[in-house]
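A quick write-up on the structure given underneath.
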There are 2 protein chains.
Amino acid sequence: MNTSRRDFLKTSALVAGYGILSPSLARAAGVDAIGAATMQPLETGWEFNRTTFGNPWEMWSLHAAGWEAVRLPHCFNHRDACDPDSLAYRGQGWYRRKIKLDNPFAGGRALLHFGGAGQRTSVYAGNTLMGHNIGGYNEFVVDLTSAERDSQGEIPLAILCDNSRDIHAIPSDVSDFNLYGGIYRHLHLVYVPAIALELLHVKSEVTLGQPAQCSVLARLYNPEELTTPLDLAVVVTAPDGATLHTENLRLQPWQGMRELAKFIVGDSKLWSPSSPALYQCRLTVRSQYGEQVSTRRFGLRHFEFQEHGPFFLNGEKLFLRGTQRHEDHAGCAAAIPDDITRKEMRMIRDMGANFIRLAHYPQAEVVLDLCDELGLIVWEELPWCRAGGGDAALRSNARNLLKLMIEQHYNHPSIAFWSLGNEEDWPGIDPGDGQVSVAELMQQLQNLAHELDPSRLTSFRRCAPAMQIPDAYSPSIWAGWYHGRYQEYTEELEKYRDQVRHLLHMEWGADSHARRHAEEPYGEPYLPFGPASGEQPEFPLVKYGDWSETYACDLFDWYLKAQETLPWFAGSAQWIFKDFSTPSRPENPIPRVNQKGLTERDLTTKEGYFVFQSYWAERPMVHIYGHSWPVRWGKPDEPRLVRVYSNCDSAELFLNGKSCGAKTRNTQDFPCAGLRWSIPFSEGANVLRAVAKKAGITVTDEIHFTYQTTPWEAPARLLLAEKSRTLQGITVEARVVDRHGTLCLDARNRVGFSLAGPGKFNDNLGTSTGSRVIELYNGRAEISFFPGAQPSVIGVTGERVAEAFLTIS
Amino acid sequence: MNTSRRDFLKTSALVAGYGILSPSLARAAGVDAIGAATMQPLETGWEFNRTTFGNPWEMWSLHAAGWEAVRLPHCFNHRDACDPDSLAYRGQGWYRRKIKLDNPFAGGRALLHFGGAGQRTSVYAGNTLMGHNIGGYNEFVVDLTSAERDSQGEIPLAILCDNSRDIHAIPSDVSDFNLYGGIYRHLHLVYVPAIALELLHVKSEVTLGQPAQCSVLARLYNPEELTTPLDLAVVVTAPDGATLHTENLRLQPWQGMRELAKFIVGDSKLWSPSSPALYQCRLTVRSQYGEQVSTRRFGLRHFEFQEHGPFFLNGEKLFLRGTQRHEDHAGCAAAIPDDITRKEMRMIRDMGANFIRLAHYPQAEVVLDLCDELGLIVWEELPWCRAGGGDAALRSNARNLLKLMIEQHYNHPSIAFWSLGNEEDWPGIDPGDGQVSVAELMQQLQNLAHELDPSRLTSFRRCAPAMQIPDAYSPSIWAGWYHGRYQEYTEELEKYRDQVRHLLHMEWGADSHARRHAEEPYGEPYLPFGPASGEQPEFPLVKYGDWSETYACDLFDWYLKAQETLPWFAGSAQWIFKDFSTPSRPENPIPRVNQKGLTERDLTTKEGYFVFQSYWAERPMVHIYGHSWPVRWGKPDEPRLVRVYSNCDSAELFLNGKSCGAKTRNTQDFPCAGLRWSIPFSEGANVLRAVAKKAGITVTDEIHFTYQTTPWEAPARLLLAEKSRTLQGITVEARVVDRHGTLCLDARNRVGFSLAGPGKFNDNLGTSTGSRVIELYNGRAEISFFPGAQPSVIGVTGERVAEAFLTIS
């Protein structure tokens with residue numbers, strides 16, 4: 001292997017980053033010209049090794065050394081991203097398998113299509129470098145047509161993914177999320193004719209009250225520069241399947257993007273969150289080399305963002321109710337199975353969101369497809385994050401990745417904002433050689449985005465020195481979490497109203513340790529809330545809260561309440577829908593997890609999810625706070641607060657079968673929009689039931705819990721017991737008691753689980769029940785393990801408390 | 001950071017690999033011109049992080065992420081080289097600390113002197129690359145004089161050691177030993193005047209019966225090309241301290257090596273294993289910039305290696321009795337403390353060796369110093385190992401490293417052979433681009449070695465297609481281990497006698513699992529040995545033996561016996577003195593350890609050490625086989641073999657105080673040179689005592705053991721018990737018993753230790769008592785752990801046996 005850097009780039013420039021043949025779309029539409037043979041998912045037969053190799057020859061030749069069978073997609077940080085003992089691996093990971101080409105097109109081309117791989121990828125056939133891609137979040141294609149075969153006629157395919165830290169790459173290594181490695185999106189082997197379609201864009205211009213103007217543009221993949229004429233057929237269909245337009249052409253192969261058809265749509269079905277109507281364009285490219293049929297979906301919609309004012313969609317004001325998403329999930333990290341992605345996106349939609357920020361990088365095609373289908377307006381983002389103006393190599397990477405994001409996701413009607421990046425005023429960014437100012441690079445990117453796509457707005461979150469450059473801008477406001485009190489939210493937001501042309505508020509919220517609940521989230525003594533109690537509470541200045549779900553719910557509640565009162569305000573996106581891993585924050589209750597999610601890292605809902613649903617969702621719902629709070633506490637007969645979240649006009653609460661009265665919902669009656677009851681519980685077991693009605697539909701919720709009146713002293717010793725047993729493993733629960741054996745219900749000791757014997761923890765998941773180092777939630781913590789053929793001994797230890805062991809099989 | 005590859009190499013070429021100011025010599029001699037200030041060991045104040053960073057800026061700036069305080073020397077594979085669960089890390093490791101320069105020489109230079117670091121090293125001051133070295137086993141110097149200081153006047157020093165696999169590097173990644181990473185040899189900060197000595201060689205030519213002809217040559221380090229005249233003083237002293245020669249010169253600074261003095265030594269004290277006489281040469285370089293005094297030791301000796309015949313030193317035939325050494329030790333890997341190195345080299349000398357191969361790379365200066373002092377003739381080796389002819393970059397590396405090895409170790413009188421490499425006929429070596437044949441590269445290296453040092457022989461082990469190129473050659477003969485039977489050794493050796501001009505036999509021996517002993521190492525039924533029993537045994541064809549120490553001792557015994565009968569044979573070197581780690585061999589009884597050592601990886605002797613001592617050592621010794629064999633077995637009254645190794649003329653054995661008779665030593669009476677007794681033991685406790693005499697000195701040895709007559713069935717369950725407790729931790733012992741509770745004394749189940757609770761195993765040591773995955777030795781295995789503040793539970797599990805747990809504090 002002797003490829004110089006120069007050859008490397010040359011090869012890469014030839015093939016990298018071309019968004020041809022978007023696999024998910026083509027598959028969804030089932031329109032392959034000559035059947036499944038033209039596109040094969042390459043999921044099985046792979047072996048993986050997370051180490052460095054000098055070249056593919058070494059990789060195939062060295063003695064057995066850590067190769068494991070894997071299935072793609074695969075992220076090589078799937079288990080170490082939340083390892084409490086060490087940082088996620090940053091380095092080389094090698095994949096290998098042999099493939100046999102069987103091209104149905106005579107003289108056709110065989111392409112590897114990557115949906116995305118982190119963070120830099122080199123593809124080798126034997127020892128020959130076939131292609132290289134820089135960037136963890138874009139599609140790219142490597143042409144295998146000329147690859148050398150071995151004596152069995154197979155191509156020994158070696159794929160190196162490298163997520164070593166790289167000062168020229170974006171996002172930067174200062175980022176507060178993991179820069180994952182691996183082939184973590186779909187990989188396909190694609191056969192195309194010798195002349196094929198590479199890129200297909202449908203442009204549309206919607207003027208309210210007039211027919212929409214549309215055009216179809218295409219670029220060819222014709223590396224041999226063949227000159228055979230092409231027969232082209234364009235068919236456009238409406239959301240109901242009716243044919244809107246057809247066009248047949250015979251053309252010589254061309255270079256670059258070329259307009260193939262123009263048409264107007266009279267009675268447009270406009271795309272919106274409440275009615276995500278999708279049109280389709282089908283292009284057939286036929287030549288003596290074969291026929292290729294490609295389909296793309298597109299939508300017709302009209303955006304308007306008033307200066308210093310609200311956002312309008314299709315002429316109607318639409319408050320942007322958003323959250324955010326990282327591509328990260330317990331147990332698989334970035335390689336999220338599509339069904340989990342679908343579940344997550346539906347949960348976001350069911351929460352009532354109409355807006356999502358794909359933080360902080362372009363996400364998998366399936367995510368954009370789901371945004372189109374579910375009606376989520378998208379802020380998609382270039383991963384220019386905490387990297388500074390950078391040197392020439394960094395700037396070139398940034399421009400290239402912006403171009404690829406826009407090219408590859410152009411047709412998605414859900415996308416409204418091309419975000420140029422995030423937090424580029426972060427302190428202490430690399431003052432490297434040849435660096436330009438952040439504003440200079442931002443202006444370059446702003447110009448490029450407008451040149452490539454004048455139809456959408458650019459945006460940026462947090463970059464004070466350059467806030468006037470992007471079309472839309474979000475400052476950093478974290479009242480009640482990183483600074484100040486949540487009651488100061490409106491005041492902080494309004495400071496920016498006149499400063500920023502198009503203001504959005506991206507990122508707000510609070511960390512919460514799932515399953516941690518507080519009777520008094522603001523400290524002793526218990527302070528009653530808001531107008532219902534007839535007095536204004538005296539909130540202490542809370543900087544980081546108590547990491548309880550209770551505090552986070554109140555904060556969410558306050559922000560949502562406040563946002564309803566600001567007619568000038570365009571919208572916001574809460575940070576973040578799901579807990580995610582990060583290289584920083586090892587001291588968090590779950591080490592290395594950003595715990596600001598409305599769900600845990602495995603999509604288990606936290607209570608906060610229902611606060612949002614109560615404000616945003618249409619479908620009737622009611623939720624009593626405390627589903628993961630098994631023991632509440634207080635004095636005998638002391639009134640305890642019951643929070644109920646509902647979008648119904650009123651709700652009635654029942655304690656142990658007896659009504660506590662009905663209350664009417666008023667969003668400005670904080671907290672819980674007035675749906676709260678201060679009632680004494682019975683010693684021991686209690687049942688709470690809420691019943692609410694909306695538009696004639698009744699919804700109910702019920703929780704069971706114990707009420708403890710015995711006070712406790714300092715935590716003295718841990719207890720460990722089996723809690724449940726399923727096919728997924730055995731769950732044990734640790735609890736802490738004082739010297740009298742009384743449960744310490746507010747204890748938050750950090751504990752560690754350990755295991756002797758043949759079993760294995762199901763850990764490093766970054767969840768409240770999947771981390772072997774964790775802070776107790778209300779004096780307890782769970783973990784599950786897979787038993788071995790013989791019993792194991794589980795241990796739990798913590799500082800200043802006596803340990804416990806449990807033998808279990 | 002924007003250093004291109006070209007700058008990199010330029011910088012490197014400026015300063016890399018210059019063997020100036022050998023620190024260990026200068027320190028030993030205590031001759032610094034202006035005191036300790038001119039040379040400071042940089043041992044403390046370092047932090048280390050084993051991960052990738054984009055550049056030093058990132059390294060200093062990213063959030064706290066795995067930095068740990070370390071002391072140099074430091075090998076970053078010190079704990080993972082023998083990890084049973086994963087391969088040793090191959091990648092980046094970063095060291096950082098700030099240093100303040102305080103140069104006593106006005107206008108002088110400040111240099112970092114590395115004794116060696118693996119495998120490629122980049123030194124940064126701030127973000128500026130100051131020097132780069134390719135190669136894991138050579139000294140090199142980086143000039144810090146011009147380094148930028150921070151606002152506190154300190155240099156933020158960042159040192160990147162990278163042991164990623166590299167196809168252009170030697171040794172190749174196919175090598176059967178770990179290519180370690182880290183600053184694993186001494187690092188010094190050295191101040192020198194603006195014009196200083198860089199390299200000092202003393203050449204000598206010894207003709208038997210005539211005065212030795214000597215000359216002193218020197219090269220300057222004068223990067224500013226100053227032209228101030230220099231006052232030079234050469235003083236040569238004899239081993240007894242008497243001044244032999246002085247010379248004073250005034251010269252203009254010169255380029256390259258220049259002869260400064262010539263002298264003859266009349267009544268030479270020749271260097272030899274029995275009398276390692278060392279001369280000394282002191283050179284003072286004085287200018288207006290300051291004075292520098294340097295000393296080098298050298299020796300006078302005469303080698304002759306007869307064609308197809310024996311080796312002569314100083315005119316006398318000397319059979320080369322050798323072993324081999326890797327730079328590897330339990331718990332520290334390549335960063336071996338000097339006192340352990342001293343202990344190891346003395347153990348080698350005390351075993352009776354007069355010859356050592358430094359396998360497979362130049363070793364630390366202290367090793368060469370010890371060879372000089374202890375009288376060990378050295379085969380030092382270029383790490384051209386299993387790499388093939390290679391491409392241009394590999395060949396350039398190989399030539400450069402050969403040049404550095406010869407330049408840096410030229411003065412050591414112990415070195416007789418410059419080995420050009422090892423196993424270059426290994427199958428399946430990378431057929432890379434631009435590769436030349438192995439023979440072509442070997443011829444280039446052969447020519448270069450002779451050009452640089454005509455006074456020594458070149459050598460090579462195992463490269464059949466090029467065996468005629470090096471001056472001396474060793475084929476691969478492993479009779480009784482990798483092929484055939486040990487009884488075929490002489491026959492195999494003699495095949496090469498006429499084929500090879502200068503034949504040595506490097507590498508022979510057998511793996512042995514320390515503490516595993518066999519009553520019947522050749523399988524059932526027990527076969528008696530050699531002439532003493534009056535019949536020739538019918539040995540089965542043993543390919544890999546039974547990995548017992550017993551089998552290995554017999555093999556060693558046979559080879560040593562055979563070698564005594566071959567007057568034409570020059571000598572050999574057994575493989576290897578100490579167990580060492582390797583990336584291959586995960587299936588070994590101690591995973592990833594090459595167990596062919598005469599000692600464990602922590603220098604605990606195995607029984608084989610004493611077999612060698614019985615043949616080679618002068619000082620009287622006697623050793624009863626079985627010091628680590630607590631329970632022997634057999635039928636009641638069945639004769640059992642007792643092996644005794646001694647260099648005395650005769651020995652007497654006592655069982656439980658009663659004499660079993662005296663026997664006379666006869667090296668050709670295999671095994672044990674006739675010192676063996678076949679006697680029945682008592683059921684239960686036994687004591688064996690041997691008494692031997694040589695030249696009026698009596699030596700004794702005694703072992704205590706149990707004799708078990710109860711036969712056992714298949715291993716059924718494990719037992720676990722505390723065995724001992726010291727400041728170094730608590731040792732537990734696992735034993736396996738059958739369903740009746742009888743110890744299974746030949747059981748070799750693979751078991752795993754695990755731990756719940758706060759303690760930590762002292763594991764990954766690659767020893768029989770320091771690996772948490774291990775094959776049982778005679779039905780048992782030990783491990784130690786450091787207890788925590790509260791009790792821990794230790795578990796031991798194995799296939800097809802019931803596990804055991806033990807709570808211990």
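Every chain in the structure tokens has a letter given in the order shown (A, B, ...), and although residue numbers restart at 1 in each chain, ligands are simply numbered from 1 in the order shown.
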Would you please give, as a PyMOL selection string, all residues of stretch 287-362 of chain A that DSSP assigns to alpha helix (DSSP H) based on the backbone?
chain A and resi 338-350
Would you kindly return, as number ranges by chain, each protein, DNA or RNA residue with an atom no farther than 7 Å from any atom of stretch 689-701 of chain B, considering only C-alpha atoms and excluding same-chain residues fewer than 3 positions away?
B: 620-624, 648-655
Residue neighbourhood A:Lys100, 9 Å, only C-alpha atoms, exclusion window fewer than 6 positions, as a count of residues only
5
Check: which chain A residues lie within 7 Å of chain B using only C-alpha atoms, as a compact mmCIF listing (two decimals) with all heavy atoms, in the first residue's frame:
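Below you can see out-v6.txt, which holds the result:
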# COMPACT_ATOMS: atom_id res chain seq x y z
N MET A 1 0.86 -1.20 0.00
CA MET A 1 0.00 0.00 0.00
C MET A 1 0.88 1.22 0.00
O MET A 1 1.69 1.41 0.88
CB MET A 1 -0.80 -0.01 1.30
CG MET A 1 -2.24 0.37 1.25
SD MET A 1 -2.79 1.71 0.26
CE MET A 1 -2.50 3.05 1.41
N ASN A 2 0.70 2.03 -0.97
CA ASN A 2 1.63 3.14 -1.08
C ASN A 2 0.89 4.37 -1.58
O ASN A 2 1.46 5.18 -2.30
CB ASN A 2 2.75 2.73 -2.04
CG ASN A 2 4.01 3.49 -1.73
OD1 ASN A 2 4.07 4.21 -0.73
ND2 ASN A 2 5.00 3.35 -2.58
N THR A 51 -9.20 -1.50 16.14
CA THR A 51 -7.79 -1.25 16.41
C THR A 51 -7.18 -0.62 15.17
O THR A 51 -7.86 -0.43 14.17
CB THR A 51 -7.07 -2.56 16.78
OG1 THR A 51 -5.74 -2.26 17.23
CG2 THR A 51 -6.98 -3.52 15.61
N THR A 52 -5.91 -0.28 15.25
CA THR A 52 -5.22 0.26 14.09
C THR A 52 -4.64 -0.88 13.27
O THR A 52 -4.21 -1.89 13.82
CB THR A 52 -4.07 1.18 14.51
OG1 THR A 52 -3.17 0.45 15.36
CG2 THR A 52 -4.58 2.38 15.29
N PHE A 53 -4.65 -0.72 11.98
CA PHE A 53 -3.89 -1.61 11.09
C PHE A 53 -3.10 -0.74 10.14
O PHE A 53 -3.54 0.37 9.79
CB PHE A 53 -4.81 -2.55 10.29
CG PHE A 53 -5.38 -3.67 11.10
CD1 PHE A 53 -6.70 -3.67 11.47
CD2 PHE A 53 -4.57 -4.72 11.51
CE1 PHE A 53 -7.22 -4.71 12.23
CE2 PHE A 53 -5.09 -5.76 12.27
CZ PHE A 53 -6.42 -5.75 12.64
N GLY A 54 -1.95 -1.26 9.74
CA GLY A 54 -1.10 -0.49 8.83
C GLY A 54 -1.72 -0.35 7.46
O GLY A 54 -1.54 0.67 6.79
N ASN A 55 -2.43 -1.36 7.03
CA ASN A 55 -3.12 -1.32 5.74
C ASN A 55 -4.02 -2.55 5.66
O ASN A 55 -4.00 -3.41 6.55
CB ASN A 55 -2.11 -1.25 4.57
CG ASN A 55 -1.31 -2.53 4.42
OD1 ASN A 55 -1.42 -3.45 5.22
ND2 ASN A 55 -0.50 -2.60 3.38
N TRP A 57 -3.80 -5.18 3.91
CA TRP A 57 -3.07 -6.44 3.91
C TRP A 57 -2.88 -6.93 5.34
O TRP A 57 -3.12 -8.10 5.66
CB TRP A 57 -1.70 -6.28 3.21
CG TRP A 57 -0.92 -7.54 3.35
CD1 TRP A 57 -1.00 -8.65 2.55
CD2 TRP A 57 -0.01 -7.87 4.40
NE1 TRP A 57 -0.19 -9.63 3.03
CE2 TRP A 57 0.44 -9.19 4.16
CE3 TRP A 57 0.48 -7.19 5.51
CZ2 TRP A 57 1.35 -9.82 4.99
CZ3 TRP A 57 1.39 -7.83 6.34
CH2 TRP A 57 1.81 -9.13 6.08
N LEU A 62 -2.94 -10.58 9.75
CA LEU A 62 -2.44 -10.79 11.11
C LEU A 62 -3.24 -11.90 11.77
O LEU A 62 -4.43 -12.09 11.52
CB LEU A 62 -2.54 -9.51 11.93
CG LEU A 62 -1.63 -8.36 11.48
CD1 LEU A 62 -1.71 -7.21 12.48
CD2 LEU A 62 -0.18 -8.82 11.35
N HIS A 63 -2.54 -12.62 12.64
CA HIS A 63 -3.16 -13.67 13.45
C HIS A 63 -4.47 -13.19 14.08
O HIS A 63 -4.63 -12.04 14.40
CB HIS A 63 -2.21 -14.10 14.55
CG HIS A 63 -1.22 -13.03 14.89
ND1 HIS A 63 0.13 -13.24 14.87
CD2 HIS A 63 -1.37 -11.73 15.18
CE1 HIS A 63 0.74 -12.12 15.17
NE2 HIS A 63 -0.13 -11.20 15.36
N ALA A 65 -7.20 -11.78 15.97
CA ALA A 65 -6.91 -10.70 16.89
C ALA A 65 -8.11 -9.81 17.05
O ALA A 65 -8.13 -8.68 16.58
CB ALA A 65 -5.73 -9.89 16.36
N GLY A 66 -9.13 -10.32 17.73
CA GLY A 66 -10.23 -9.42 18.10
C GLY A 66 -11.28 -9.21 17.04
O GLY A 66 -12.10 -8.32 17.19
N SER A 86 -14.17 4.88 31.48
CA SER A 86 -13.26 5.41 30.47
C SER A 86 -14.05 6.11 29.38
O SER A 86 -15.23 5.86 29.18
CB SER A 86 -12.44 4.29 29.85
OG SER A 86 -13.29 3.32 29.29
N LEU A 87 -13.34 7.00 28.68
CA LEU A 87 -13.95 7.72 27.57
C LEU A 87 -14.20 6.81 26.39
O LEU A 87 -13.51 5.80 26.23
CB LEU A 87 -12.99 8.82 27.11
CG LEU A 87 -13.12 10.15 27.83
CD1 LEU A 87 -11.99 11.06 27.43
CD2 LEU A 87 -14.46 10.80 27.47
N ARG A 90 -11.67 6.72 20.49
CA ARG A 90 -11.51 7.57 19.32
C ARG A 90 -10.33 7.03 18.54
O ARG A 90 -9.18 7.19 18.96
CB ARG A 90 -11.23 9.03 19.74
CG ARG A 90 -12.29 9.69 20.60
CD ARG A 90 -13.54 10.07 19.84
NE ARG A 90 -13.32 10.93 18.70
CZ ARG A 90 -13.37 12.27 18.74
NH1 ARG A 90 -13.65 12.89 19.86
NH2 ARG A 90 -13.18 12.99 17.66
N GLY A 91 -10.58 6.38 17.45
CA GLY A 91 -9.48 5.81 16.68
C GLY A 91 -10.01 5.03 15.49
O GLY A 91 -11.11 5.29 15.01
N SER A 164 -10.67 9.16 15.15
CA SER A 164 -9.60 9.84 15.88
C SER A 164 -9.91 11.33 15.93
O SER A 164 -10.50 11.87 15.00
CB SER A 164 -8.26 9.70 15.15
OG SER A 164 -7.89 8.37 15.01
N ARG A 165 -9.49 11.97 16.98
CA ARG A 165 -9.67 13.41 17.02
C ARG A 165 -8.90 14.06 15.87
O ARG A 165 -7.80 13.61 15.54
CB ARG A 165 -9.21 13.97 18.37
CG ARG A 165 -10.11 13.52 19.51
CD ARG A 165 -9.78 14.21 20.82
NE ARG A 165 -10.63 13.67 21.89
CZ ARG A 165 -10.37 12.56 22.56
NH1 ARG A 165 -9.27 11.89 22.30
NH2 ARG A 165 -11.19 12.14 23.49
N ASP A 166 -9.49 15.05 15.28
CA ASP A 166 -8.91 15.66 14.08
C ASP A 166 -9.19 17.15 14.14
O ASP A 166 -10.35 17.57 14.17
CB ASP A 166 -9.56 15.02 12.84
CG ASP A 166 -9.00 15.58 11.54
OD1 ASP A 166 -8.29 16.62 11.57
OD2 ASP A 166 -9.27 14.98 10.49
N ILE A 167 -8.14 17.91 14.15
CA ILE A 167 -8.27 19.36 14.35
C ILE A 167 -8.87 20.05 13.12
O ILE A 167 -9.36 21.17 13.21
CB ILE A 167 -6.89 19.95 14.74
CG1 ILE A 167 -7.04 21.25 15.48
CG2 ILE A 167 -5.98 20.06 13.54
CD1 ILE A 167 -7.60 21.11 16.86
N VAL A 174 -14.23 19.61 20.87
CA VAL A 174 -14.69 20.29 22.08
C VAL A 174 -16.20 20.08 22.24
O VAL A 174 -16.79 20.42 23.26
CB VAL A 174 -14.36 21.80 21.99
CG1 VAL A 174 -14.64 22.51 23.30
CG2 VAL A 174 -12.90 22.01 21.59
N ASP A 430 -9.56 26.51 19.31
CA ASP A 430 -8.19 26.41 18.79
C ASP A 430 -7.75 27.63 17.98
O ASP A 430 -8.30 27.90 16.92
CB ASP A 430 -8.10 25.18 17.88
CG ASP A 430 -6.71 25.02 17.27
OD1 ASP A 430 -5.74 25.48 17.89
OD2 ASP A 430 -6.62 24.43 16.19
N GLY A 432 -5.60 28.12 15.76
CA GLY A 432 -4.64 27.46 14.87
C GLY A 432 -4.05 28.39 13.82
O GLY A 432 -4.47 29.53 13.66
N ASP A 433 -3.09 27.86 13.10
CA ASP A 433 -2.45 28.61 12.02
C ASP A 433 -3.46 28.89 10.92
O ASP A 433 -4.26 28.04 10.57
CB ASP A 433 -1.31 27.80 11.40
CG ASP A 433 -0.18 27.59 12.38
OD1 ASP A 433 -0.14 28.33 13.39
OD2 ASP A 433 0.64 26.69 12.13
N SER A 584 -17.92 14.62 27.89
CA SER A 584 -17.74 15.35 29.14
C SER A 584 -18.77 14.84 30.15
O SER A 584 -19.40 13.83 29.95
CB SER A 584 -17.84 16.86 28.92
OG SER A 584 -18.72 17.18 27.88
N SER A 754 -21.08 -4.38 41.01
CA SER A 754 -20.01 -5.25 40.50
C SER A 754 -20.52 -6.68 40.51
O SER A 754 -21.54 -6.98 41.14
CB SER A 754 -18.75 -5.10 41.34
OG SER A 754 -19.04 -5.26 42.72
N LEU A 755 -19.81 -7.55 39.82
CA LEU A 755 -20.33 -8.90 39.59
C LEU A 755 -19.19 -9.91 39.61
O LEU A 755 -18.18 -9.72 38.93
CB LEU A 755 -21.04 -8.90 38.23
CG LEU A 755 -21.81 -10.14 37.81
CD1 LEU A 755 -22.90 -9.75 36.83
CD2 LEU A 755 -20.91 -11.17 37.16
N ALA A 756 -19.35 -10.95 40.41
CA ALA A 756 -18.43 -12.09 40.38
C ALA A 756 -19.19 -13.28 39.85
O ALA A 756 -20.37 -13.46 40.17
CB ALA A 756 -17.87 -12.37 41.77
N GLY A 757 -18.51 -14.08 39.05
CA GLY A 757 -19.17 -15.24 38.49
C GLY A 757 -19.40 -15.06 37.00
O GLY A 757 -18.86 -14.14 36.39
N PRO A 758 -20.21 -15.93 36.42
CA PRO A 758 -20.26 -16.00 34.96
C PRO A 758 -21.20 -15.00 34.28
O PRO A 758 -21.20 -14.91 33.07
CB PRO A 758 -20.73 -17.43 34.71
CG PRO A 758 -21.57 -17.76 35.90
CD PRO A 758 -20.99 -17.01 37.06
N VAL A 793 -22.58 -13.57 41.83
CA VAL A 793 -22.74 -12.73 43.01
C VAL A 793 -22.70 -11.27 42.55
O VAL A 793 -21.74 -10.86 41.89
CB VAL A 793 -21.62 -12.98 44.04
CG1 VAL A 793 -21.72 -11.99 45.19
CG2 VAL A 793 -21.69 -14.41 44.55
N ILE A 794 -23.75 -10.53 42.88
CA ILE A 794 -23.78 -9.11 42.55
C ILE A 794 -23.41 -8.34 43.80
O ILE A 794 -23.86 -8.68 44.90
CB ILE A 794 -25.19 -8.65 42.11
CG1 ILE A 794 -25.79 -9.62 41.08
CG2 ILE A 794 -25.16 -7.23 41.58
CD1 ILE A 794 -25.16 -9.59 39.75
N GLY A 795 -22.60 -7.33 43.66
CA GLY A 795 -22.25 -6.48 44.78
C GLY A 795 -22.67 -5.05 44.50
O GLY A 795 -22.76 -4.63 43.35
N VAL A 796 -22.98 -4.32 45.56
CA VAL A 796 -23.20 -2.88 45.39
C VAL A 796 -22.46 -2.17 46.52
O VAL A 796 -22.54 -2.56 47.68
CB VAL A 796 -24.70 -2.51 45.35
CG1 VAL A 796 -25.43 -2.91 46.63
CG2 VAL A 796 -24.88 -1.03 45.06
N THR A 797 -21.70 -1.16 46.13
CA THR A 797 -20.89 -0.43 47.10
C THR A 797 -21.13 1.06 46.90
O THR A 797 -21.53 1.50 45.82
CB THR A 797 -19.39 -0.70 46.87
OG1 THR A 797 -19.07 -0.36 45.52
CG2 THR A 797 -19.03 -2.15 47.13
Contact residues around A:Lys403 with only C-alpha atoms at 8 Å, ignoring same-chain residues under 4 positions, as a compact mmCIF listing (two decimals) with N, CA, C and O atoms, in the first residue's frame:
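Resulting contents of out_17.txt:
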# COMPACT_ATOMS: atom_id res chain seq x y z
N ARG A 399 -17.41 23.87 4.06
CA ARG A 399 -18.13 24.25 2.84
C ARG A 399 -18.62 23.02 2.09
O ARG A 399 -19.75 22.96 1.62
N GLU A 407 -27.57 19.46 -1.06
CA GLU A 407 -27.81 18.61 -2.23
C GLU A 407 -28.61 17.38 -1.86
O GLU A 407 -29.55 16.99 -2.55
N LEU A 448 -22.91 30.68 0.61
CA LEU A 448 -22.97 29.41 -0.11
C LEU A 448 -24.36 28.77 0.02
O LEU A 448 -24.93 28.27 -0.96
N ALA A 449 -24.93 28.81 1.22
CA ALA A 449 -26.25 28.21 1.44
C ALA A 449 -27.29 28.93 0.57
O ALA A 449 -28.14 28.29 -0.06
N LEU A 452 -26.85 27.91 -3.07
CA LEU A 452 -27.29 26.55 -3.38
C LEU A 452 -28.80 26.40 -3.24
O LEU A 452 -29.41 25.58 -3.91
